[in-house]
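The next block holds one structure in the form of C-alpha cells; read it before the comments.
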Amino acid sequence: MKRRLAREIAVSSLYQLEMNEVTPMEAVDMLMEEARSENEIEAEFVENDQTDKYVRELVNGVADNKAAIDEMLQHYLTGWQVDRLSRVDRQILRLACFEIVYRNDVPPKAAINEAIELAKHFGTEESGKFVNGVLGKLLKEREGETANSESTN
C-alpha cells in the first residue's frame, strides 16, 4: 500500500469535510471516486481495499478526535489560532497529529516527514517549514514526556 497517496486522499477528504456539509465517509467516497476516475496510472492502487480502509481510518480518526487534536495543536501554534490557519495546513496538521498521537503503526518522525511533503505539495512555499515547526514542537514535548515517564518507572 502506498501510504503517501492514501494521505493525499485523506487530506483532500478532510478539506472537503470542512468545506461542505458532508459526513466523513461521504467526503472519502467523493475523493476515492475522483481518484479512480481521474488517475489512470494509480487506479489499481486506489481500488485496493487496504488503501480504502486506511484512508477511512485516517479521516474518521481525525473527525472523531478533531476537538482534542485542535486543542493540542493550539498549544504548539505560537501566535496563531487553529481556525486562522489556511484550510490546507490545518488539515495536514490534524492528520499528522492524529498519526503521531493516536496511531502506533506510524513512527512519529515518518508522520512529520509525510506531513512536510504534503504541505509542500498542497500548500504554499512556507507551508512545509511551518508544519515542520509545529509538529517538531509536538514531538519534542511528547518525547520528553515519554522519557520522564520511563525514568520514573
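By order of appearance in the C-alpha cells: chains A, B, ..., then residues from 1 within every chain, and ligands from 1 in the order shown.
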Would you give me, as JSON lines, each residue of segment 88-127 of chain A having an atom within 7 Å of an atom of segment 5-25 of chain A, along with its shortest atom pair and that distance in Å to one decimal, using only C-alpha atoms and sorting by chain and residue number?
{"residue": "A:Val88", "atom": "CA", "partner": "A:Tyr15", "partner_atom": "CA", "distance": 6.8}
{"residue": "A:Gln91", "atom": "CA", "partner": "A:Val11", "partner_atom": "CA", "distance": 5.9}
{"residue": "A:Ile92", "atom": "CA", "partner": "A:Val11", "partner_atom": "CA", "distance": 6.2}
{"residue": "A:Leu118", "atom": "CA", "partner": "A:Glu8", "partner_atom": "CA", "distance": 7.0}
Q) Got a sec: who's within 10 Å of segment 63-70 of chain A, counting only C-alpha atoms, leaving out chain neighbours fewer than 6 positions off, as a list in words? A) Leu14, Leu17, Glu18, Thr23, Pro24, Glu57, Gln81, Val82, Asp83, Arg90, Leu93, Arg94, Leu95, Ala96, Cys97, Phe98, Val101 and Tyr102 of chain A
Q.
What's the separation between atom CA of Gln50 of chain A and atom CA of Arg3 of chain A, in Å to one decimal place?
A.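 If I compute the distance from atom CA of Gln50 of chain A to atom CA of Arg3 of chain A, I get 10.1 Å.
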Q: Work out how far apart atom CA of Leu135 of chain A and atom CA of Leu73 of chain A are and give it in Å to one decimal.
A: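 Calculated distance between atom CA of Leu135 of chain A and atom CA of Leu73 of chain A is 8.4 Å.
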Q) Distance atom CA of Arg103 of chain A-atom CA of Arg4 of chain A, one decimal place? A)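 The value is 16.0 Å.
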Q) Where does DSSP see helix (DSSP H, G or I) in segment 41-96 of chain A, if you list the residues as a PyMOL selection string? A) chain A and resi 43-46+49-64+66-76+82-84+87-96
Can those selected residues be exported to a file as a short mmCIF file (atom, residue, chain, number, x, y, z; two decimals), in the first residue's frame so that it contains C-alpha atoms?
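Contents of the output file result_9.cif:
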data_model
loop_
_atom_site.label_atom_id
_atom_site.label_comp_id
_atom_site.auth_asym_id
_atom_site.auth_seq_id
_atom_site.Cartn_x
_atom_site.Cartn_y
_atom_site.Cartn_z
CA ALA A 43 -6.19 3.39 -10.49
CA GLU A 44 -5.14 -0.10 -9.39
CA PHE A 45 -3.80 1.35 -6.15
CA VAL A 46 -6.99 3.30 -5.48
CA ASP A 49 -9.27 -2.42 -0.23
CA GLN A 50 -6.35 -1.88 2.13
CA THR A 51 -5.91 1.67 0.85
CA ASP A 52 -9.61 2.44 1.10
CA LYS A 53 -9.63 1.12 4.68
CA TYR A 54 -6.56 3.18 5.62
CA VAL A 55 -7.98 6.40 4.17
CA ARG A 56 -11.24 5.83 6.06
CA GLU A 57 -9.40 5.12 9.32
CA LEU A 58 -7.44 8.36 8.97
CA VAL A 59 -10.42 10.54 8.09
CA ASN A 60 -12.68 9.01 10.74
CA GLY A 61 -9.91 9.23 13.32
CA VAL A 62 -9.29 12.91 12.65
CA ALA A 63 -13.03 13.68 12.56
CA ASP A 64 -13.71 11.76 15.79
CA LYS A 66 -10.93 16.87 15.99
CA ALA A 67 -11.58 18.87 19.17
CA ALA A 68 -8.76 17.18 21.09
CA ILE A 69 -6.40 17.44 18.11
CA ASP A 70 -7.16 21.15 17.66
CA GLU A 71 -6.58 21.72 21.36
CA MET A 72 -3.20 20.00 21.12
CA LEU A 73 -2.24 21.92 18.01
CA GLN A 74 -3.27 25.21 19.62
CA HIS A 75 -0.70 24.56 22.32
CA TYR A 76 2.07 24.48 19.68
CA VAL A 82 -6.13 26.86 14.61
CA ASP A 83 -9.16 28.41 12.90
CA ARG A 84 -6.96 31.13 11.34
CA ARG A 87 -7.50 25.20 5.41
CA VAL A 88 -4.86 23.02 3.79
CA ASP A 89 -2.26 23.49 6.53
CA ARG A 90 -4.93 22.86 9.17
CA GLN A 91 -5.92 19.51 7.61
CA ILE A 92 -2.30 18.42 7.20
CA LEU A 93 -1.52 19.29 10.82
CA ARG A 94 -4.63 17.48 12.04
CA LEU A 95 -3.77 14.36 10.07
CA ALA A 96 -0.16 14.28 11.27
#
